[in-house]
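Okay, query-v3.cif now, which holds mmCIF, C-alpha atoms and all ligand atoms:
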data_model
#
loop_
_atom_site.label_atom_id
_atom_site.label_comp_id
_atom_site.auth_asym_id
_atom_site.auth_seq_id
_atom_site.Cartn_x
_atom_site.Cartn_y
_atom_site.Cartn_z
CA MET A 8 102.73 -140.01 -61.58
CA THR A 9 106.33 -139.16 -60.90
CA GLU A 10 108.16 -136.95 -58.43
CA ASN A 11 109.83 -134.97 -61.14
CA ARG A 12 107.85 -132.44 -62.94
CA SER A 13 108.85 -132.08 -66.55
CA SER A 14 107.31 -130.99 -69.80
CA ASP A 15 107.64 -134.47 -71.25
CA GLN A 16 105.96 -135.98 -68.25
CA VAL A 17 103.05 -133.58 -68.58
CA ARG A 18 102.65 -134.46 -72.26
CA GLU A 19 102.76 -138.16 -71.47
CA ASN A 20 100.27 -137.83 -68.60
CA LEU A 21 97.96 -135.82 -70.78
CA LYS A 22 97.99 -138.49 -73.45
CA ARG A 23 97.14 -141.14 -70.87
CA ILE A 24 94.34 -139.11 -69.29
CA ARG A 25 92.78 -138.34 -72.67
CA PHE A 26 92.94 -142.00 -73.59
CA GLU A 27 91.21 -142.91 -70.32
CA ILE A 28 88.50 -140.32 -70.89
CA GLU A 29 87.85 -141.79 -74.36
CA GLU A 30 87.84 -145.36 -73.08
CA THR A 31 85.57 -144.65 -70.15
CA CYS A 32 83.14 -142.66 -72.25
CA SER A 33 82.90 -145.33 -74.90
CA ALA A 34 82.37 -148.00 -72.23
CA CYS A 35 79.45 -146.09 -70.70
CA GLY A 36 77.99 -144.57 -73.84
CA ARG A 37 78.94 -140.96 -73.26
CA ASP A 38 80.29 -138.43 -75.71
CA PRO A 39 83.89 -137.60 -74.69
CA ASN A 40 83.23 -134.01 -75.74
CA ASP A 41 80.90 -133.74 -72.76
CA VAL A 42 83.80 -134.27 -70.37
CA THR A 43 86.13 -131.32 -69.86
CA LEU A 44 89.57 -131.91 -68.43
CA MET A 45 90.52 -129.19 -65.98
CA ALA A 46 94.21 -128.77 -65.14
CA VAL A 47 94.47 -127.98 -61.43
CA THR A 48 97.45 -125.68 -61.05
CA LYS A 49 98.13 -125.35 -57.33
CA THR A 50 101.90 -125.24 -56.65
CA VAL A 51 102.64 -125.77 -60.36
CA SER A 52 104.89 -123.27 -62.13
CA PRO A 53 103.31 -121.15 -64.88
CA GLU A 54 105.85 -122.64 -67.33
CA LEU A 55 104.53 -126.13 -66.75
CA VAL A 56 100.93 -124.94 -66.82
CA ASN A 57 101.71 -123.40 -70.20
CA VAL A 58 102.89 -126.78 -71.46
CA ALA A 59 99.43 -128.15 -70.74
CA LEU A 60 97.85 -125.15 -72.46
CA SER A 61 100.00 -125.55 -75.54
CA GLU A 62 98.93 -129.20 -75.67
CA GLY A 63 95.33 -128.10 -75.93
CA VAL A 64 94.09 -128.06 -72.33
CA ARG A 65 91.51 -125.30 -72.23
CA LEU A 66 90.49 -125.05 -68.60
CA LEU A 67 92.53 -124.26 -65.50
CA GLY A 68 91.45 -124.70 -61.90
CA GLU A 69 92.79 -122.36 -59.23
CA ASN A 70 92.56 -122.91 -55.48
CA ARG A 71 94.05 -119.82 -53.97
CA ALA A 72 93.30 -116.21 -54.78
CA GLN A 73 96.83 -115.09 -54.00
CA GLU A 74 98.43 -117.76 -56.16
CA LEU A 75 96.08 -116.98 -59.03
CA VAL A 76 96.89 -113.29 -58.89
CA SER A 77 100.65 -113.88 -58.87
CA LYS A 78 100.65 -116.44 -61.70
CA TYR A 79 97.92 -115.02 -63.90
CA GLU A 80 100.02 -112.75 -66.09
CA PHE A 81 102.45 -115.56 -66.91
CA TYR A 82 99.86 -117.87 -68.38
CA HIS A 83 99.45 -117.98 -72.15
CA THR A 84 96.81 -115.41 -72.81
CA ASP A 85 95.25 -116.48 -76.10
CA PHE A 86 92.50 -118.09 -74.11
CA LYS A 87 91.35 -117.53 -70.56
CA GLN A 88 89.19 -120.16 -69.03
CA ILE A 89 89.91 -120.29 -65.36
CA HIS A 90 87.61 -121.66 -62.71
CA PHE A 91 88.09 -120.93 -59.05
CA ILE A 92 87.78 -124.18 -57.10
CA GLY A 93 89.18 -123.48 -53.62
CA HIS A 94 87.71 -122.18 -50.42
CA LEU A 95 87.05 -118.51 -51.07
CA GLN A 96 86.96 -115.82 -48.42
CA THR A 97 84.60 -112.98 -49.18
CA ASN A 98 87.36 -110.39 -48.90
CA LYS A 99 89.23 -112.11 -51.76
CA VAL A 100 86.39 -112.10 -54.26
CA LYS A 101 87.27 -108.74 -55.74
CA GLN A 102 90.82 -109.94 -56.52
CA ILE A 103 89.65 -112.76 -58.74
CA ILE A 104 86.36 -111.56 -60.20
CA ASP A 105 87.93 -110.37 -63.48
CA LYS A 106 90.22 -113.38 -63.82
CA VAL A 107 87.84 -116.32 -63.67
CA SER A 108 84.86 -117.40 -65.74
CA MET A 109 83.32 -119.56 -63.03
CA ILE A 110 83.46 -119.96 -59.26
CA GLU A 111 82.83 -123.60 -58.41
CA SER A 112 83.16 -123.36 -54.66
CA VAL A 113 80.12 -121.35 -53.60
CA ASP A 114 78.76 -122.73 -50.34
CA SER A 115 76.97 -119.87 -48.59
CA GLU A 116 74.61 -117.05 -49.38
CA HIS A 117 77.11 -114.67 -47.80
CA LEU A 118 79.73 -115.60 -50.41
CA ALA A 119 77.17 -115.59 -53.24
CA ALA A 120 76.09 -112.07 -52.27
CA GLU A 121 79.66 -110.78 -52.43
CA ILE A 122 80.29 -112.43 -55.81
CA ASN A 123 77.07 -110.86 -57.07
CA ARG A 124 78.15 -107.46 -55.80
CA CYS A 125 81.68 -107.64 -57.28
CA ALA A 126 80.37 -109.00 -60.59
CA GLY A 127 77.97 -106.07 -60.74
CA LEU A 128 80.78 -103.59 -60.16
CA SER A 129 82.72 -105.23 -63.01
CA GLY A 130 79.70 -105.12 -65.28
CA LYS A 131 79.58 -108.87 -65.73
CA THR A 132 77.66 -111.94 -64.71
CA MET A 133 79.46 -114.80 -63.00
CA GLU A 134 78.73 -118.47 -63.49
CA ILE A 135 78.79 -120.44 -60.27
CA LEU A 136 78.51 -123.98 -58.99
CA LEU A 137 77.38 -124.90 -55.52
CA GLU A 138 79.90 -127.00 -53.62
CA VAL A 139 78.18 -129.79 -51.71
CA ASN A 140 79.75 -131.57 -48.77
CA LEU A 141 78.20 -134.95 -49.53
CA GLY A 142 80.20 -136.89 -46.98
CA GLY A 143 79.29 -134.45 -44.20
CA GLU A 144 82.97 -134.12 -43.37
CA GLN A 145 83.84 -131.46 -40.81
CA SER A 146 87.20 -130.84 -42.46
CA LYS A 147 85.67 -129.90 -45.78
CA SER A 148 83.81 -126.87 -46.94
CA GLY A 149 80.64 -127.11 -48.94
CA VAL A 150 76.94 -126.78 -48.18
CA ALA A 151 75.24 -129.69 -46.44
CA LYS A 152 73.07 -131.81 -48.71
CA GLU A 153 69.99 -130.89 -46.64
CA ASP A 154 70.55 -127.19 -47.24
CA LEU A 155 71.42 -127.39 -50.92
CA PHE A 156 68.08 -126.59 -52.51
CA GLU A 157 67.39 -123.68 -50.20
CA LEU A 158 70.75 -122.19 -51.12
CA ALA A 159 70.13 -122.89 -54.82
CA GLU A 160 66.88 -120.98 -54.63
CA LYS A 161 68.50 -118.06 -52.87
CA VAL A 162 71.47 -117.71 -55.21
CA SER A 163 69.32 -117.94 -58.30
CA ARG A 164 67.63 -114.70 -57.25
CA TYR A 165 70.87 -112.74 -57.59
CA PRO A 166 70.88 -110.90 -60.93
CA ASN A 167 74.61 -111.20 -61.61
CA LEU A 168 74.96 -114.91 -60.83
CA ILE A 169 74.23 -117.81 -63.14
CA LEU A 170 73.87 -121.11 -61.34
CA ARG A 171 75.22 -123.90 -63.55
CA GLY A 172 75.41 -126.97 -61.32
CA LEU A 173 77.32 -128.71 -58.55
CA MET A 174 80.85 -129.36 -57.42
CA VAL A 175 81.67 -132.21 -55.07
CA ILE A 176 84.76 -133.53 -53.30
CA PRO A 177 83.78 -136.91 -51.84
CA PRO A 178 85.51 -138.62 -48.93
CA VAL A 179 88.80 -140.21 -49.95
CA GLY A 180 88.39 -143.64 -51.50
CA GLU A 181 84.60 -143.53 -51.57
CA GLY A 182 84.08 -141.66 -54.80
CA ALA A 183 81.66 -143.92 -56.62
CA ARG A 184 78.74 -143.91 -54.22
CA TYR A 185 78.96 -140.15 -53.68
CA PHE A 186 79.27 -139.48 -57.40
CA GLU A 187 76.03 -141.37 -57.88
CA GLN A 188 74.38 -139.20 -55.21
CA ALA A 189 75.69 -136.06 -56.87
CA GLN A 190 74.26 -137.14 -60.19
CA LYS A 191 70.83 -137.57 -58.57
CA LEU A 192 71.07 -134.22 -56.81
CA LEU A 193 71.77 -132.47 -60.09
CA ILE A 194 68.70 -134.09 -61.65
CA ASP A 195 66.59 -133.00 -58.66
CA MET A 196 67.94 -129.50 -58.97
CA GLN A 197 67.08 -129.40 -62.67
CA ALA A 198 63.53 -130.44 -61.79
CA LYS A 199 63.14 -127.42 -59.52
CA LYS A 200 63.24 -125.15 -62.55
CA LEU A 201 64.92 -122.35 -60.70
CA ASP A 202 65.20 -119.03 -62.43
CA ASN A 203 68.25 -120.00 -64.41
CA ARG A 204 69.24 -121.49 -67.69
CA ASN A 205 71.42 -124.52 -68.00
CA VAL A 206 71.94 -126.34 -64.75
CA ASN A 207 73.99 -129.12 -66.28
CA ILE A 208 77.51 -129.04 -64.89
CA LEU A 209 78.79 -131.67 -62.51
CA SER A 210 82.35 -130.95 -61.44
CA MET A 211 83.68 -134.08 -59.77
CA GLY A 212 86.58 -136.47 -59.90
CA MET A 213 90.25 -135.80 -59.21
CA SER A 214 93.44 -137.73 -60.06
CA ALA A 215 92.46 -140.71 -57.94
CA ASP A 216 88.85 -141.12 -59.03
CA TYR A 217 88.03 -139.32 -62.25
CA ILE A 218 87.16 -142.54 -64.05
CA ASP A 219 84.35 -143.24 -61.59
CA ALA A 220 83.26 -139.62 -61.83
CA ILE A 221 82.91 -139.92 -65.60
CA ARG A 222 80.90 -143.11 -65.22
CA PHE A 223 78.43 -141.20 -63.03
CA GLY A 224 78.00 -138.25 -65.33
CA GLY A 225 80.80 -135.88 -64.33
CA THR A 226 81.23 -133.10 -66.89
CA ILE A 227 84.36 -131.46 -65.45
CA ILE A 228 87.15 -133.59 -64.04
CA ARG A 229 89.71 -131.70 -61.97
CA VAL A 230 93.15 -133.23 -62.31
CA GLY A 231 96.29 -131.95 -60.58
CA ARG A 232 98.87 -134.58 -59.58
CA GLY A 233 97.88 -136.98 -62.33
CA LEU A 234 98.80 -134.34 -64.88
CA PHE A 235 101.63 -132.33 -63.34
CA GLY A 236 103.13 -134.88 -60.91
CA GLU A 237 103.08 -135.04 -57.13
CA ARG A 238 103.04 -131.83 -55.15
CA ASN A 239 105.93 -131.20 -52.75
C1 LIG A 301 93.87 -130.11 -55.53
C2 LIG A 301 92.49 -130.19 -56.01
C3 LIG A 301 92.14 -131.01 -57.09
C4 LIG A 301 93.13 -131.90 -57.78
O1 LIG A 301 93.55 -132.93 -56.94
P1 LIG A 301 94.62 -134.01 -57.48
O2 LIG A 301 94.54 -135.09 -56.51
O3 LIG A 301 95.94 -133.31 -57.50
O4 LIG A 301 94.19 -134.38 -58.85
C5 LIG A 301 90.82 -131.01 -57.51
N1 LIG A 301 89.88 -130.25 -56.91
C6 LIG A 301 90.17 -129.45 -55.88
C7 LIG A 301 89.10 -128.64 -55.27
C8 LIG A 301 91.48 -129.40 -55.40
O5 LIG A 301 91.75 -128.62 -54.35
#
Any chance you could give the structure as structure tokens?
Ligand SMILES: *Cc1c(COP(=O)(O)O)cnc(C)c1O
Amino acid sequence: MTENRSSDQVRENLKRIRFEIEETCSACGRDPNDVTLMAVTKTVSPELVNVALSEGVRLLGENRAQELVSKYEFYHTDFKQIHFIGHLQTNKVKQIIDKVSMIESVDSEHLAAEINRCAGLSGKTMEILLEVNLGGEQSKSGVAKEDLFELAEKVSRYPNLILRGLMVIPPVGEGARYFEQAQKLLIDMQAKKLDNRNVNILSMGMSADYIDAIRFGGTIIRVGRGLFGERN
């Protein structure tokens, strides 16, 4: 990681991250194609995001509705795979519903209901993940582990939502043991056979801990600083 953000730095970081994904997967017997690198774009200029896209990154992660709306038209448009990963207020759902293919940060039925409603108005279905607050941290959003399955059952009744899995942000520095918990929770959720198709996505791991996340079955790693450099 460096302070300066430059195209060359992004290319170099990308090479390193891809190498680490390969290495980690081969060490734990996973197929590297089952791990998707998400470029987390908060505070990053569209120009630099486009460098990552032109180097083959196929998934962007957006935290803020406002920032997504203002940067959206500047992104290379030959593909559009954007996941919303930040805390989402219900009154912002309609701004992003046509711009993202998945909302990873669903943590209440209230929010799920609004996504379902807006998706319906747009004539589409929306894939979602449930964000779980595994560390029980007050400062973080996410549904409590104890309430997860009840929420999963509720959201899977909404006709315009497709529940695909879980998103977790573990307490700083304690990734590994929470990633293991998340992996178990996903398996338990699959066993519930809710009215949905493929519950197989585990979005976990950021710049500081994506290697551990891959070891415990993460399928989307969300990397910001490690790819684009430190945020100001
Ligand atoms: C910022 C952010 C990331 C990326 O964090 P880095 O430390 O920059 O890699 C991943 N997930 C979420 C939800 C974020 O807000």
Near Phe235 in chain A, counting all atoms listed in the file, which residues have an atom at most 7 Å away, once you skip same-chain residues fewer than 3 positions from it, shown as a VMD selection string?
chain A and resid 12 17 231 to 232
Go ahead and save the residues from that selection, with C-alpha atoms, as an mmCIF file, in the frame of the given file.
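The result, stored in result26.cif:
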data_model
loop_
_atom_site.group_PDB
_atom_site.id
_atom_site.type_symbol
_atom_site.label_atom_id
_atom_site.label_comp_id
_atom_site.auth_asym_id
_atom_site.auth_seq_id
_atom_site.Cartn_x
_atom_site.Cartn_y
_atom_site.Cartn_z
ATOM 1 C CA ARG A 12 107.850 -132.440 -62.940
ATOM 2 C CA VAL A 17 103.050 -133.580 -68.580
ATOM 3 C CA GLY A 231 96.290 -131.950 -60.580
ATOM 4 C CA ARG A 232 98.870 -134.580 -59.580
#
Using only C-alpha atoms, which residue out of A:Asn205, A:Ser210, A:Gln16, A:Gln102 lies closest to Glu138 in chain A?
A:Ser210
One decimal, in Å: what's the spacing between CA of Ile110 in chain A and CA of Glu80 in chain A?
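Computing the Euclidean distance for CA of Ile110 in chain A and CA of Glu80 in chain A yields 19.3 Å.
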Counting only C-alpha atoms and all ligand atoms, which residues of chain A sit at most 7 Å from some atom of ligand LIG 301 (chain A), and what is each one's closest atom pair with its distance in Å to one decimal, listed by chain and rising residue number, as a Markdown table?
| residue | atom | partner | partner_atom | distance |
| --- | --- | --- | --- | --- |
| A:Val47 | CA | A:LIG301 | C4 | 5.5 |
| A:Lys49 | CA | A:LIG301 | C1 | 6.6 |
| A:Asn70 | CA | A:LIG301 | O5 | 5.9 |
| A:Ile92 | CA | A:LIG301 | C7 | 5.0 |
| A:Gly93 | CA | A:LIG301 | C7 | 5.4 |
| A:Ile176 | CA | A:LIG301 | C7 | 6.8 |
| A:Met213 | CA | A:LIG301 | O4 | 4.2 |
| A:Ser214 | CA | A:LIG301 | O4 | 3.6 |
| A:Ala215 | CA | A:LIG301 | O2 | 6.2 |
| A:Arg229 | CA | A:LIG301 | C5 | 4.6 |
| A:Val230 | CA | A:LIG301 | O4 | 3.8 |
| A:Gly231 | CA | A:LIG301 | O3 | 3.4 |
| A:Arg232 | CA | A:LIG301 | O3 | 3.8 |
| A:Gly233 | CA | A:LIG301 | O4 | 5.7 |
Can you work out the spacing between CA of Ser108 in chain A and CA of Glu30 in chain A in Å, to one decimal?
29.1 Å
